[in-house]
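Enquirer: Next comes the structure file structure.cif, holding mmCIF, C-alpha atoms and all ligand atoms.
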```cif
data_model
loop_
_atom_site.label_atom_id
_atom_site.label_comp_id
_atom_site.auth_asym_id
_atom_site.auth_seq_id
_atom_site.Cartn_x
_atom_site.Cartn_y
_atom_site.Cartn_z
CA MET A 162 -17.10 -19.52 -1.29
CA LYS A 163 -17.16 -17.33 -4.36
CA ARG A 164 -14.28 -17.47 -6.81
CA GLU A 165 -14.30 -13.75 -7.36
CA GLY A 166 -11.15 -11.99 -6.20
CA LEU A 167 -9.01 -15.11 -6.56
CA LEU A 168 -5.85 -15.11 -8.61
CA ASP A 169 -5.12 -18.62 -9.85
CA LEU A 170 -1.39 -19.31 -9.43
CA ASN A 171 -1.60 -23.07 -9.90
CA GLU A 172 0.32 -22.96 -13.16
CA ALA A 173 3.30 -21.39 -11.38
CA VAL A 174 3.04 -23.83 -8.45
CA GLN A 175 3.03 -26.89 -10.79
CA HIS A 176 5.83 -25.52 -13.02
CA PRO A 177 8.81 -24.35 -10.95
CA GLY A 178 10.79 -21.69 -12.76
CA LYS A 179 7.83 -20.53 -14.80
CA LYS A 180 7.10 -16.90 -14.16
CA LEU A 181 3.55 -15.57 -14.27
CA ALA A 182 2.68 -11.88 -14.33
CA PHE A 183 -0.71 -10.28 -13.74
CA GLU A 184 -2.18 -6.84 -13.89
CA VAL A 185 -4.57 -6.47 -10.98
CA ARG A 186 -6.95 -3.91 -9.63
CA THR A 187 -9.14 -4.02 -6.52
CA ALA A 188 -11.29 -1.48 -4.73
CA LEU A 189 -10.95 -3.36 -1.42
CA ASP A 190 -14.65 -3.02 -0.64
CA GLN A 191 -14.34 -4.08 2.97
CA GLU A 192 -11.56 -1.67 3.83
CA GLU A 193 -12.73 0.29 6.86
CA ASP A 194 -9.56 1.82 8.23
CA LEU A 195 -8.51 3.61 5.11
CA ASP A 196 -10.36 5.96 2.81
CA LEU A 197 -9.24 4.99 -0.69
CA LEU A 198 -9.85 7.56 -3.44
CA GLU A 199 -9.10 5.08 -6.21
CA PRO A 200 -8.73 1.31 -6.50
CA VAL A 201 -5.40 -0.26 -5.67
CA SER A 202 -3.80 -1.24 -8.98
CA GLY A 203 -0.52 -2.82 -9.96
CA THR A 204 1.28 -5.96 -11.00
CA ILE A 205 1.92 -9.29 -9.33
CA GLU A 206 4.69 -11.65 -10.43
CA ALA A 207 4.71 -15.23 -9.25
CA VAL A 208 7.35 -17.92 -9.61
CA SER A 209 7.92 -21.17 -7.71
CA THR A 210 11.31 -22.58 -6.73
CA GLY A 211 9.68 -25.94 -5.99
CA ASN A 212 9.65 -25.37 -2.21
CA LEU A 213 8.65 -21.74 -2.21
CA LEU A 214 6.22 -19.63 -4.16
CA LEU A 215 7.72 -16.16 -4.55
CA LEU A 216 5.47 -13.17 -5.10
CA THR A 217 6.76 -9.75 -6.08
CA SER A 218 4.26 -6.97 -6.46
CA ARG A 219 4.06 -3.28 -7.08
CA PHE A 220 0.93 -1.31 -6.24
CA LYS A 221 -0.32 2.24 -6.22
CA THR A 222 -3.41 4.01 -5.01
CA ARG A 223 -4.53 7.35 -3.62
CA ALA A 224 -6.03 7.73 -0.17
CA VAL A 225 -7.13 10.23 2.45
CA PHE A 226 -5.05 10.32 5.62
CA GLU A 227 -5.35 12.42 8.73
CA CYS A 228 -2.59 14.81 9.74
CA ALA A 229 -0.96 13.37 12.87
CA ARG A 230 -0.69 16.89 14.36
CA CYS A 231 -3.79 18.89 13.41
CA GLY A 232 -6.15 16.16 12.15
CA ALA A 233 -6.70 17.83 8.77
CA PRO A 234 -7.47 15.44 5.90
CA ILE A 235 -4.58 14.92 3.49
CA GLU A 236 -4.80 13.35 0.05
CA LYS A 237 -1.70 11.36 -0.73
CA ASP A 238 -0.50 9.00 -3.44
CA LEU A 239 0.65 5.73 -1.98
CA GLU A 240 3.00 3.38 -3.78
CA PHE A 241 4.40 0.20 -2.33
CA VAL A 242 6.18 -2.99 -3.24
CA MET A 243 5.68 -6.39 -1.67
CA ASP A 244 8.05 -9.33 -1.53
CA ASP A 245 6.56 -12.48 -0.06
CA GLN A 246 7.25 -16.17 -0.07
CA PHE A 247 4.93 -19.03 0.72
CA ALA A 248 5.89 -22.62 1.45
CA VAL A 249 4.97 -25.22 -1.18
CA GLU A 250 4.55 -28.92 -0.46
CA GLY A 251 4.13 -31.86 -2.80
CA VAL A 252 5.60 -32.81 -6.14
CA PRO A 253 4.75 -30.38 -8.95
CA SER A 254 2.79 -31.96 -11.77
CA ALA A 255 5.55 -30.87 -14.17
CA TYR A 256 7.84 -33.43 -12.43
CA SER A 257 5.44 -36.31 -12.00
CA ARG A 258 2.20 -37.17 -13.72
CA GLU A 259 0.48 -37.93 -10.40
CA GLY A 260 2.11 -34.96 -8.72
CA TYR A 261 0.29 -32.01 -7.29
CA ALA A 262 2.06 -29.27 -5.37
CA HIS A 263 0.16 -26.91 -3.13
CA VAL A 264 0.76 -23.80 -1.08
CA VAL A 265 0.83 -24.34 2.72
CA GLU A 266 -0.04 -21.64 5.18
CA ASP A 267 -0.58 -21.29 8.88
CA GLU A 268 -1.61 -17.65 8.92
CA PRO A 269 -4.67 -16.64 10.95
CA GLU A 270 -5.99 -14.81 7.91
CA PRO A 271 -5.23 -17.04 4.93
CA MET A 272 -3.82 -15.53 1.75
CA PHE A 273 -4.54 -18.64 -0.32
CA GLN A 274 -7.44 -20.83 -1.21
CA GLU A 275 -5.84 -23.94 -2.67
CA ASN A 276 -3.31 -22.45 -5.11
CA SER A 277 -5.25 -19.26 -5.70
CA LEU A 278 -4.21 -16.01 -4.09
CA ILE A 279 -7.02 -14.20 -2.25
CA LEU A 280 -6.32 -10.86 -3.81
CA ASP A 281 -7.95 -8.56 -1.25
CA HIS A 282 -6.28 -10.24 1.74
CA TYR A 283 -2.91 -9.97 0.08
CA VAL A 284 -3.29 -6.35 -1.06
CA ARG A 285 -4.72 -5.30 2.31
CA GLN A 286 -1.71 -6.74 4.14
CA GLY A 287 0.59 -4.71 1.89
CA LEU A 288 -1.43 -1.56 2.47
CA ILE A 289 -1.45 -1.94 6.25
CA VAL A 290 2.32 -2.11 6.54
CA ASN A 291 2.91 0.69 4.04
CA VAL A 292 0.47 3.31 5.28
CA PRO A 293 2.44 6.26 6.70
CA SER A 294 2.22 6.02 10.50
CA GLN A 295 2.35 9.77 11.13
CA PRO A 296 1.32 11.65 7.99
CA LEU A 297 1.59 15.44 8.10
CA CYS A 298 -0.29 18.07 6.12
CA SER A 299 2.96 20.07 5.86
CA ASP A 300 6.32 18.76 4.75
CA SER A 301 7.99 18.14 8.10
CA TRP A 302 7.71 18.20 11.89
CA ASP A 303 9.90 21.33 11.89
CA GLY A 304 7.47 23.43 9.90
CA PRO A 305 3.99 24.44 11.07
CA CYS A 306 0.76 22.83 9.88
CA LYS A 307 -0.89 24.33 6.82
CA GLU A 308 -3.81 25.80 8.78
CA GLU A 309 -1.35 27.46 11.10
CA VAL A 310 0.49 29.05 8.18
CA LYS A 311 -2.82 30.27 6.78
CA GLY A 312 -3.69 31.80 10.14
CA GLN A 313 -0.39 33.63 10.28
CA GLU A 314 -0.85 34.84 6.74
CA ASN A 315 -4.30 36.22 7.56
CA GLU A 316 -2.98 38.05 10.58
CA ARG A 317 -0.18 39.53 8.52
CA LEU A 318 -2.61 40.71 5.86
CA SER A 319 -4.86 42.27 8.48
CA GLY A 320 -1.86 44.30 9.56
CA HIS A 321 -1.13 42.92 13.00
CA PRO A 322 1.66 45.17 14.28
CA ALA A 323 3.64 42.28 15.67
CA PHE A 324 3.73 40.65 12.26
CA LYS A 325 4.57 43.93 10.53
CA ALA A 326 7.50 44.30 12.87
CA LEU A 327 8.53 40.73 12.18
CA GLN A 328 8.27 41.31 8.43
CA GLY A 329 10.48 44.41 8.72
CA TRP A 330 13.00 42.57 10.81
CA LYS A 331 13.07 39.68 8.36
CA LYS A 332 13.58 42.01 5.41
CA GLY A 333 16.39 43.82 7.20
CA ASP A 334 17.94 40.51 8.03
CA GLU A 335 18.01 39.46 4.41
CA GLU A 336 19.77 42.58 3.14
ZN ZN B 1 -1.50 19.33 10.11
#
```
Could the structure of this file be written out as structure tokens, please?
Expert:
Amino acid sequence: MKREGLLDLNEAVQHPGKKLAFEVRTALDQEEDLDLLEPVSGTIEAVSTGNLLLLTSRFKTRAVFECARCGAPIEKDLEFVMDDQFAVEGVPSAYSREGYAHVVEDEPEPMFQENSLILDHYVRQGLIVNVPSQPLCSDSWDGPCKEEVKGQENERLSGHPAFKALQGWKKGDEE
């Protein structure tokens, strides 16, 4: 297995209380469900309590989504934070010369290889839960889709009598 894409957190695992911080960036090459316009970048902070390895992360990226109503592509910035904890077993080497603590996991898709975080697995999990479930090309479900607005605008400009009447009525209403 290649070491690429691994973030070595052993120093945090062996030294409870010691906080590590990393700047990370990944293009998530194998991401099929989401069309990323730029790599996911951000920071990861790791600290061990002795029994738990705590990870706090902040990421941002930009991706293409599909409008849940009209299917139009939408470019959106996506920012998310992650707060995770992983069980740690064993005596940290900071406490005992023969000690070696290690992260334990029973996930179907492991996040760790020994005490190294598999960056893409971790970031992907954060992405999946933070992707908007029903993105819209307009601002809300109350308003129409952008294409619809454009269509109405075109009809108005072409002088559709119904829209002229509506315009007049709206103007009168405002005064
Ligand atoms: Zn739409």
Enquirer: Just give me the gap between atom CA of A:Lys221 and atom CA of A:Asp238 in Å, one decimal is fine.
Expert: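 Answer for the atom CA of A:Lys221 to atom CA of A:Asp238 separation: 7.3 Å.
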Enquirer: Would you list the residues that come within 10 Å of ligand ZN 1 (chain B)? Count only C-alpha atoms and all ligand atoms and give the answer as a list of chain:residue names.
Expert: A:Glu227, A:Cys228, A:Ala229, A:Arg230, A:Cys231, A:Gly232, A:Ala233, A:Pro234, A:Ile235, A:Pro296, A:Leu297, A:Cys298, A:Ser299, A:Asp300, A:Ser301, A:Trp302, A:Gly304, A:Pro305, A:Cys306, A:Lys307, A:Glu308, A:Glu309
Enquirer: Report, in Å with one decimal, the straight-line distance from atom CA of A:Val208 to atom CA of A:Leu181.
Expert: 6.5 Å
Enquirer: Which residues are close to A:Ala255, i.e. within 9 Å by only C-alpha atoms, leaving aside same-chain residues fewer than 5 positions away? Reply as a PyMOL selection string.
Expert: chain A and resi 175-177+260-261
Enquirer: Restricted to C-alpha atoms, what would the selected residues look like written as an mmCIF file, in the coordinates of the input?
Expert:
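So the final result, stored in out.cif, reads:
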```
data_model
loop_
_atom_site.group_PDB
_atom_site.id
_atom_site.type_symbol
_atom_site.label_atom_id
_atom_site.label_comp_id
_atom_site.auth_asym_id
_atom_site.auth_seq_id
_atom_site.Cartn_x
_atom_site.Cartn_y
_atom_site.Cartn_z
ATOM 1 C CA GLN A 175 3.030 -26.890 -10.790
ATOM 2 C CA HIS A 176 5.830 -25.520 -13.020
ATOM 3 C CA PRO A 177 8.810 -24.350 -10.950
ATOM 4 C CA GLY A 260 2.110 -34.960 -8.720
ATOM 5 C CA TYR A 261 0.290 -32.010 -7.290
#
```
Enquirer: Do you know which residues are at most 7 Å from stretch 240-254 of chain A counting all atoms listed in the file, after dropping those on the same chain fewer than 4 positions away, and could you put them as a list in words?
Expert: Val174, Gln175, His176, Gly211, Asn212, Leu213, Leu214, Leu215, Leu216, Thr217, Ser218, Arg219, Phe220, Lys221, Thr222, Arg258, Glu259, Gly260, Tyr261, Ala262, His263, Val264, Val265, Gly287 and Asn291 of chain A
Enquirer: With distances taken over only C-alpha atoms, which of A:Glu266, A:Gly312, A:Pro200, A:Ser209 is nearest to A:Ala188?
Expert: A:Pro200
Enquirer: Show me the residues around (-6.0, -2.3, -5.8) - criterion: an atom at most 12 Å away, all atoms listed in the file counted - as a PyMOL selection string.
Expert: chain A and resi 166+184-190+192+197-205+218-224+239-241+280-288
Enquirer: Add whatever atoms are absent from stretch 186-206 of chain A to reach N, CA, C and O atoms, and provide the output as a short mmCIF file (atom, residue, chain, number, x, y, z; two decimals), in the frame of the given file.
Expert:
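What ended up in out26.cif:
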```cif
data_model
loop_
_atom_site.label_atom_id
_atom_site.label_comp_id
_atom_site.auth_asym_id
_atom_site.auth_seq_id
_atom_site.Cartn_x
_atom_site.Cartn_y
_atom_site.Cartn_z
N ARG A 186 -6.30 -5.13 -10.06
CA ARG A 186 -6.95 -3.91 -9.63
C ARG A 186 -8.07 -4.31 -8.65
O ARG A 186 -8.88 -5.18 -8.95
N THR A 187 -8.07 -3.72 -7.47
CA THR A 187 -9.14 -4.02 -6.52
C THR A 187 -9.51 -2.78 -5.73
O THR A 187 -8.66 -1.98 -5.36
N ALA A 188 -10.80 -2.64 -5.47
CA ALA A 188 -11.29 -1.48 -4.73
C ALA A 188 -11.29 -1.74 -3.23
O ALA A 188 -11.56 -0.85 -2.44
N LEU A 189 -10.96 -2.98 -2.83
CA LEU A 189 -10.95 -3.36 -1.42
C LEU A 189 -12.22 -2.90 -0.70
O LEU A 189 -12.18 -2.10 0.22
N ASP A 190 -13.34 -3.44 -1.14
CA ASP A 190 -14.65 -3.02 -0.64
C ASP A 190 -14.78 -3.00 0.88
O ASP A 190 -15.44 -2.15 1.44
N GLN A 191 -14.13 -3.97 1.53
CA GLN A 191 -14.34 -4.08 2.97
C GLN A 191 -13.29 -3.32 3.78
O GLN A 191 -13.15 -3.52 4.96
N GLU A 192 -12.58 -2.44 3.12
CA GLU A 192 -11.56 -1.67 3.83
C GLU A 192 -12.22 -0.58 4.67
O GLU A 192 -12.85 0.32 4.15
N GLU A 193 -12.07 -0.68 6.00
CA GLU A 193 -12.73 0.29 6.86
C GLU A 193 -11.77 1.31 7.43
O GLU A 193 -12.15 2.43 7.77
N ASP A 194 -10.51 0.94 7.54
CA ASP A 194 -9.56 1.82 8.23
C ASP A 194 -8.99 2.90 7.32
O ASP A 194 -8.38 3.84 7.78
N LEU A 195 -9.18 2.71 6.03
CA LEU A 195 -8.51 3.61 5.11
C LEU A 195 -9.49 4.09 4.04
O LEU A 195 -10.25 3.31 3.51
N ASP A 196 -9.45 5.37 3.77
CA ASP A 196 -10.36 5.96 2.81
C ASP A 196 -9.67 6.05 1.45
O ASP A 196 -8.93 6.99 1.18
N LEU A 197 -9.91 5.03 0.61
CA LEU A 197 -9.24 4.99 -0.69
C LEU A 197 -9.99 5.87 -1.69
O LEU A 197 -11.20 5.80 -1.81
N LEU A 198 -9.25 6.69 -2.43
CA LEU A 198 -9.85 7.56 -3.44
C LEU A 198 -9.90 6.88 -4.80
O LEU A 198 -10.63 7.29 -5.68
N GLU A 199 -9.07 5.87 -4.98
CA GLU A 199 -9.10 5.08 -6.21
C GLU A 199 -8.71 3.64 -5.89
O GLU A 199 -8.09 3.39 -4.86
N PRO A 200 -9.09 2.71 -6.77
CA PRO A 200 -8.73 1.31 -6.50
C PRO A 200 -7.22 1.14 -6.42
O PRO A 200 -6.47 1.93 -6.97
N VAL A 201 -6.81 0.11 -5.70
CA VAL A 201 -5.40 -0.26 -5.67
C VAL A 201 -5.10 -1.01 -6.96
O VAL A 201 -5.79 -1.97 -7.29
N SER A 202 -4.11 -0.55 -7.72
CA SER A 202 -3.80 -1.24 -8.98
C SER A 202 -2.30 -1.49 -9.06
O SER A 202 -1.51 -0.80 -8.43
N GLY A 203 -1.94 -2.50 -9.84
CA GLY A 203 -0.52 -2.82 -9.96
C GLY A 203 -0.29 -4.16 -10.62
O GLY A 203 -1.16 -4.68 -11.31
N THR A 204 0.91 -4.69 -10.39
CA THR A 204 1.28 -5.96 -11.00
C THR A 204 1.73 -6.96 -9.93
O THR A 204 2.29 -6.57 -8.91
N ILE A 205 1.46 -8.21 -10.20
CA ILE A 205 1.92 -9.29 -9.33
C ILE A 205 2.70 -10.28 -10.19
O ILE A 205 2.21 -10.69 -11.24
N GLU A 206 3.91 -10.62 -9.74
CA GLU A 206 4.69 -11.65 -10.43
C GLU A 206 4.84 -12.84 -9.51
O GLU A 206 5.14 -12.67 -8.33
#
```
